[in-house]
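Colleague: Sharing query_14.csv (CSV, C-alpha atoms) below.
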```
chain,number,residue,atom,x,y,z
A,404,MET,CA,47.1,62.3,-68.0
A,405,ASN,CA,47.6,59.5,-65.7
A,406,THR,CA,46.4,56.3,-67.4
A,407,ASP,CA,47.5,53.9,-64.5
A,408,ARG,CA,44.6,51.8,-63.3
A,409,THR,CA,44.3,49.2,-60.6
A,410,ARG,CA,44.3,46.0,-62.6
A,411,GLY,CA,42.5,42.8,-61.6
A,412,ALA,CA,44.1,39.4,-61.5
A,413,GLN,CA,45.5,38.4,-64.9
A,414,LEU,CA,46.2,35.0,-66.4
A,415,GLY,CA,49.8,34.0,-65.4
A,416,ASP,CA,49.9,36.0,-62.2
A,417,PRO,CA,51.2,34.0,-59.2
A,418,ALA,CA,48.5,32.4,-57.0
A,419,PRO,CA,48.0,34.4,-53.8
A,420,GLN,CA,49.4,32.7,-50.7
A,421,SER,CA,47.0,31.8,-48.0
A,422,HIS,CA,48.0,32.6,-44.4
A,423,PRO,CA,45.5,30.9,-42.2
A,424,TYR,CA,45.2,32.5,-38.8
A,425,VAL,CA,46.0,30.3,-35.8
A,426,PRO,CA,44.8,31.7,-32.5
A,427,PRO,CA,47.4,31.7,-29.7
A,428,PRO,CA,47.1,29.2,-26.9
A,429,GLY,CA,44.4,30.0,-24.3
A,430,THR,CA,42.4,32.1,-26.8
A,431,HIS,CA,38.7,31.5,-26.8
A,432,HIS,CA,37.1,30.3,-30.0
A,433,SER,CA,35.0,32.8,-31.8
A,434,PRO,CA,31.4,32.0,-32.4
A,435,THR,CA,32.0,32.5,-36.1
A,436,GLN,CA,34.8,31.3,-38.4
A,437,THR,CA,35.9,32.8,-41.8
A,438,VAL,CA,37.1,30.3,-44.5
A,439,THR,CA,38.8,31.4,-47.8
A,440,ALA,CA,37.7,29.4,-50.7
A,441,GLY,CA,39.8,28.6,-53.8
A,442,ASP,CA,38.4,31.6,-55.7
A,443,ASN,CA,39.4,34.0,-53.0
A,444,SER,CA,35.8,34.4,-51.8
A,445,LYS,CA,35.2,34.3,-48.1
A,446,ILE,CA,32.6,32.2,-46.4
A,447,THR,CA,31.6,32.8,-42.8
A,448,GLN,CA,30.5,29.8,-40.8
A,449,LYS,CA,28.9,29.7,-37.4
A,450,ASN,CA,30.5,27.3,-34.9
A,451,THR,CA,27.9,25.1,-33.3
A,452,SER,CA,28.2,22.3,-30.9
A,453,LEU,CA,25.4,20.0,-29.6
A,454,LYS,CA,25.7,18.4,-26.2
A,455,PHE,CA,23.9,15.3,-25.1
A,456,SER,CA,24.3,13.8,-21.7
A,457,ILE,CA,24.8,10.0,-21.8
A,458,PRO,CA,21.6,9.2,-20.0
A,459,VAL,CA,19.6,11.0,-22.6
A,460,VAL,CA,21.1,9.6,-25.8
A,461,GLY,CA,20.2,6.0,-24.9
A,462,PRO,CA,16.5,6.6,-24.4
A,463,LEU,CA,16.3,8.8,-27.5
A,464,LEU,CA,17.8,6.1,-29.6
A,465,SER,CA,15.4,3.5,-28.2
A,466,LEU,CA,12.5,5.8,-28.7
A,467,ALA,CA,13.6,6.5,-32.3
A,468,TYR,CA,13.9,2.7,-33.0
A,469,THR,CA,10.3,2.0,-31.9
A,470,HIS,CA,8.6,5.2,-33.2
A,471,PRO,CA,9.5,6.4,-36.7
A,472,LEU,CA,7.9,9.8,-36.0
A,473,ALA,CA,10.2,10.2,-33.0
A,474,ALA,CA,13.1,9.3,-35.2
A,475,GLY,CA,12.3,12.2,-37.5
A,476,LEU,CA,11.9,14.6,-34.6
A,477,MET,CA,15.2,13.5,-33.1
A,478,ALA,CA,16.9,14.1,-36.5
A,479,VAL,CA,15.6,17.7,-36.4
A,480,VAL,CA,17.1,18.2,-32.9
A,481,LEU,CA,20.4,16.7,-33.9
A,482,VAL,CA,20.7,18.9,-37.1
A,483,GLY,CA,19.2,22.1,-35.8
A,484,GLY,CA,20.3,22.2,-32.2
A,485,GLY,CA,22.4,25.3,-32.7
A,486,GLY,CA,24.6,24.6,-29.7
A,487,ALA,CA,21.8,24.2,-27.2
A,488,ALA,CA,22.1,21.5,-24.6
A,489,VAL,CA,19.2,19.0,-24.8
A,490,SER,CA,17.9,17.2,-21.8
A,491,ALA,CA,14.9,14.9,-21.5
A,492,ALA,CA,13.1,13.3,-18.5
A,493,LEU,CA,11.1,10.2,-19.2
A,494,PRO,CA,8.3,9.5,-16.9
A,495,ASP,CA,8.7,6.8,-14.4
A,496,SER,CA,6.5,3.8,-15.1
A,497,SER,CA,5.0,1.8,-12.2
A,498,PRO,CA,5.8,-1.9,-12.4
A,499,ALA,CA,2.9,-4.3,-12.6
A,500,PRO,CA,2.0,-5.6,-9.1
A,501,SER,CA,2.7,-9.2,-8.2
A,502,THR,CA,-0.4,-11.4,-8.3
A,503,SER,CA,1.1,-14.0,-5.9
A,504,LEU,CA,-1.2,-14.9,-3.0
A,505,VAL,CA,0.2,-13.7,0.3
A,506,ARG,CA,-1.0,-16.0,3.1
A,507,GLY,CA,-1.2,-15.3,6.8
A,508,PHE,CA,-0.5,-11.6,6.8
A,509,VAL,CA,-1.1,-10.1,10.2
A,510,MET,CA,-2.6,-6.6,10.6
A,511,GLU,CA,-2.4,-5.0,14.0
A,512,ARG,CA,-5.7,-4.1,15.4
A,513,SER,CA,-6.3,-0.6,16.9
A,514,ASP,CA,-8.8,-0.2,19.7
A,515,GLY,CA,-9.0,3.5,19.4
A,516,GLY,CA,-6.8,4.2,22.4
A,517,LYS,CA,-3.7,4.5,20.2
A,518,GLY,CA,-2.9,5.4,16.7
A,519,ALA,CA,-3.9,2.9,14.1
A,520,VAL,CA,-1.2,1.1,12.0
A,521,GLY,CA,-1.9,1.6,8.3
A,522,TYR,CA,-0.8,-0.8,5.7
A,523,ASP,CA,0.1,0.1,2.1
A,524,PHE,CA,-1.4,-2.6,-0.2
A,525,THR,CA,0.4,-1.3,-3.3
A,526,HIS,CA,3.2,-3.6,-2.2
A,527,SER,CA,3.1,-7.3,-2.1
A,528,PRO,CA,3.2,-8.3,0.7
A,529,PRO,CA,1.8,-5.1,2.2
A,530,VAL,CA,4.1,-2.7,4.2
A,531,VAL,CA,3.5,-0.2,6.9
A,532,ALA,CA,2.3,3.0,5.2
A,533,ASP,CA,4.2,6.3,5.5
A,534,SER,CA,2.5,9.3,6.9
A,535,GLY,CA,0.1,10.8,4.4
A,536,THR,CA,-0.1,7.6,2.3
A,537,ASP,CA,-3.4,6.0,1.5
A,538,ALA,CA,-3.7,2.9,3.6
A,539,LEU,CA,-5.9,0.1,5.0
A,540,TYR,CA,-6.0,-0.5,8.8
A,541,VAL,CA,-8.1,-2.4,11.3
A,542,GLN,CA,-10.0,-0.5,14.0
A,543,SER,CA,-12.3,-2.2,16.4
A,544,GLY,CA,-14.3,-4.7,14.3
A,545,PHE,CA,-13.8,-3.0,10.9
A,546,LEU,CA,-11.3,-2.9,8.1
A,547,MET,CA,-10.9,0.8,7.3
A,548,SER,CA,-9.8,2.5,4.0
A,549,THR,CA,-8.4,6.1,4.0
A,550,ASN,CA,-9.3,6.6,0.3
A,551,GLY,CA,-12.7,4.9,0.4
A,552,LYS,CA,-11.8,2.5,-2.4
A,553,LEU,CA,-13.0,-0.6,-0.5
A,554,ALA,CA,-16.0,-2.9,-1.1
A,555,SER,CA,-17.4,-6.1,0.3
A,556,TRP,CA,-17.4,-9.0,-2.0
A,557,SER,CA,-20.7,-10.7,-1.6
A,558,SER,CA,-20.4,-13.4,-4.4
A,559,SER,CA,-19.4,-16.9,-3.6
A,560,GLU,CA,-17.1,-16.9,-6.6
A,561,VAL,CA,-13.5,-16.1,-6.5
A,562,PRO,CA,-12.9,-12.3,-7.0
A,563,THR,CA,-11.8,-11.1,-10.4
A,564,ALA,CA,-10.1,-7.9,-11.4
A,565,GLU,CA,-13.1,-6.8,-13.3
A,566,GLY,CA,-15.5,-7.8,-10.6
A,567,CYS,CA,-13.5,-6.0,-7.9
A,568,ARG,CA,-13.3,-2.8,-10.0
A,569,LYS,CA,-17.1,-2.9,-10.5
A,570,ALA,CA,-17.7,-3.6,-6.8
A,571,VAL,CA,-15.6,-0.6,-5.7
A,572,ALA,CA,-17.1,1.6,-8.4
A,573,GLU,CA,-20.7,0.8,-7.5
A,574,HIS,CA,-20.4,0.3,-3.7
A,575,PRO,CA,-17.4,2.1,-2.4
A,576,THR,CA,-17.0,2.3,1.4
A,577,ARG,CA,-14.4,3.4,3.9
A,578,GLU,CA,-15.1,0.5,6.3
A,579,ALA,CA,-16.1,-3.2,6.0
A,580,ALA,CA,-16.9,-5.6,8.9
A,581,VAL,CA,-14.1,-8.0,9.8
A,582,SER,CA,-15.1,-11.6,10.3
A,583,VAL,CA,-13.5,-14.9,9.4
A,584,THR,CA,-14.3,-15.9,5.8
A,585,TYR,CA,-15.3,-12.4,4.8
A,586,VAL,CA,-13.9,-11.2,1.5
A,587,MET,CA,-13.3,-7.6,0.5
A,588,CYS,CA,-12.1,-5.9,-2.7
A,589,TYR,CA,-9.8,-2.8,-2.8
A,590,LEU,CA,-8.0,-0.6,-5.3
A,591,ASP,CA,-4.5,0.3,-4.3
A,592,ARG,CA,-2.8,3.7,-4.7
A,593,ASN,CA,-2.1,3.0,-8.4
A,594,GLY,CA,-5.7,1.9,-9.0
A,595,ASP,CA,-4.8,-1.8,-9.3
A,596,PRO,CA,-7.5,-4.2,-7.9
A,597,GLY,CA,-6.9,-6.7,-5.2
A,598,TYR,CA,-8.8,-8.7,-2.6
A,599,ILE,CA,-8.6,-9.5,1.1
A,600,SER,CA,-9.9,-12.7,2.7
A,601,VAL,CA,-10.1,-12.7,6.5
A,602,THR,CA,-8.7,-16.0,7.9
A,603,GLY,CA,-8.4,-15.3,11.6
A,604,ALA,CA,-9.0,-12.6,14.2
A,605,ASP,CA,-8.3,-11.9,17.9
A,606,ASP,CA,-8.3,-9.0,20.2
A,607,LYS,CA,-4.9,-7.7,19.0
A,608,SER,CA,-4.8,-8.5,15.3
A,609,VAL,CA,-6.5,-9.8,12.1
A,610,THR,CA,-4.9,-12.4,9.9
A,611,ILE,CA,-5.7,-12.2,6.1
A,612,ASP,CA,-4.8,-13.7,2.8
A,613,THR,CA,-4.4,-11.1,0.0
A,614,ALA,CA,-3.4,-10.8,-3.6
A,615,HIS,CA,-3.6,-8.3,-6.5
A,616,LEU,CA,-5.7,-9.4,-9.4
A,617,GLY,CA,-4.2,-9.4,-12.9
```
Output the structure of this file as structure tokens.
Modeller:
Amino acid sequence: MNTDRTRGAQLGDPAPQSHPYVPPPGTHHSPTQTVTAGDNSKITQKNTSLKFSIPVVGPLLSLAYTHPLAAGLMAVVLVGGGGAAVSAALPDSSPAPSTSLVRGFVMERSDGGKGAVGYDFTHSPPVVADSGTDALYVQSGFLMSTNGKLASWSSSEVPTAEGCRKAVAEHPTREAAVSVTYVMCYLDRNGDPGYISVTGADDKSVTIDTAHLG
């Protein structure tokens, strides 16, 4: 009777030699990797890599610094990314408009025989508006607003941001009469209030002072 049996490792047996596998040059890395532990057990690891573009890391770190909750969420992304590339797009924020008074700005007057020149009052001083952009323009004896967010300022007091917002909300119009000393309120494309004071007028143009209201 054959009594030979496969015997397990015994005390005093030489330690098994480890022969780690090194892939030849040019070989792609496997998505998994097997590691032999000291007790000859094998552990399979998953190779992961997390990629961040430089423009994304900075905003993430800044956000984490100011918002503890965001810091925790970012930690989850960093640990559990699983090799996915992370990208983020932060919304653009519109800068606060300048409240400096612009004096002597000249708006070309249209008599109806040619296209009116529209002005974008989001900028300070105003600029000629692009096609399709909400604008203010002068036609005949009126200041016109394409978005209807214009109102006459009837008070003798200097316009305020709150007062102009209220005037436009309660008495919005698309046109206001142009006459020297007349004052009008408007809301620009970003919803910021401002006022226009007519200081001069002739057959070809209207001269105004204007400013945003903080």
Colleague: For a test of reading the model, state the distance in Å between CA of Pro528 in chain A and CA of Lys569 in chain A, rounded to one decimal.
Modeller: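 Spanning CA of Pro528 in chain A to CA of Lys569 in chain A is a straight-line distance of 23.8 Å.
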Colleague: For the atom pair CA of Tyr598 in chain A and CA of Pro575 in chain A, what is the interatomic distance in Å to one decimal place?
Modeller: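 That distance, rounded to one decimal, is 13.8 Å.
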Colleague: Please measure the separation of CA of Arg577 in chain A and CA of Asp537 in chain A, giving the value in Å to one decimal.
Modeller: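 Interatomic distance here is 11.6 Å.
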Colleague: Which residue, A:Glu511, A:Asp612, A:Glu578, A:Asp523, has the smallest gap to Gly551 in chain A when you use all atoms listed in the file?
Modeller: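 Using all atoms listed in the file, the shortest distance to Gly551 in chain A belongs to A:Glu578.
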Colleague: Within 7 Å of range 580-588 of chain A, counting all atoms listed in the file, which residues show up once you throw out same-chain ones fewer than 5 positions away? Write them as an MDAnalysis selection string, please.
Modeller: chainID A and resid 544:546 553:556 567 597:604
Colleague: Tell me which protein, DNA and RNA residues are within 9 Å of Glu565 in chain A, counting all atoms listed in the file, leaving out same-chain ones fewer than 3 positions away, and put them as number ranges by chain.
Modeller: A: 562, 568-570, 596, 616
Colleague: Please return as a list in words every residue within 7 Å of (-4.0, 1.0, 9.3), taking into account all atoms listed in the file and the file's own coordinates.
Modeller: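 Output: Ala519, Val520, Gly521, Tyr522, Ala538, Leu539, Tyr540 and Val541 of chain A.
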Colleague: Please write as a PyMOL selection string the list of polymer residues whose atoms come within 9 Å of (-0.5, -16.9, 5.0), counting all atoms listed in the file and keeping to the coordinates of the file.
Modeller: chain A and resi 504-509+602+610-613
Colleague: Between A:Ser513, A:His574, A:Ser501, A:Arg592, single out the one closest to Asp606 in chain A, counting all atoms listed in the file.
Modeller: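 Going through A:Ser513, A:His574, A:Ser501, A:Arg592 one by one, the smallest distance to Asp606 in chain A is for A:Ser513.
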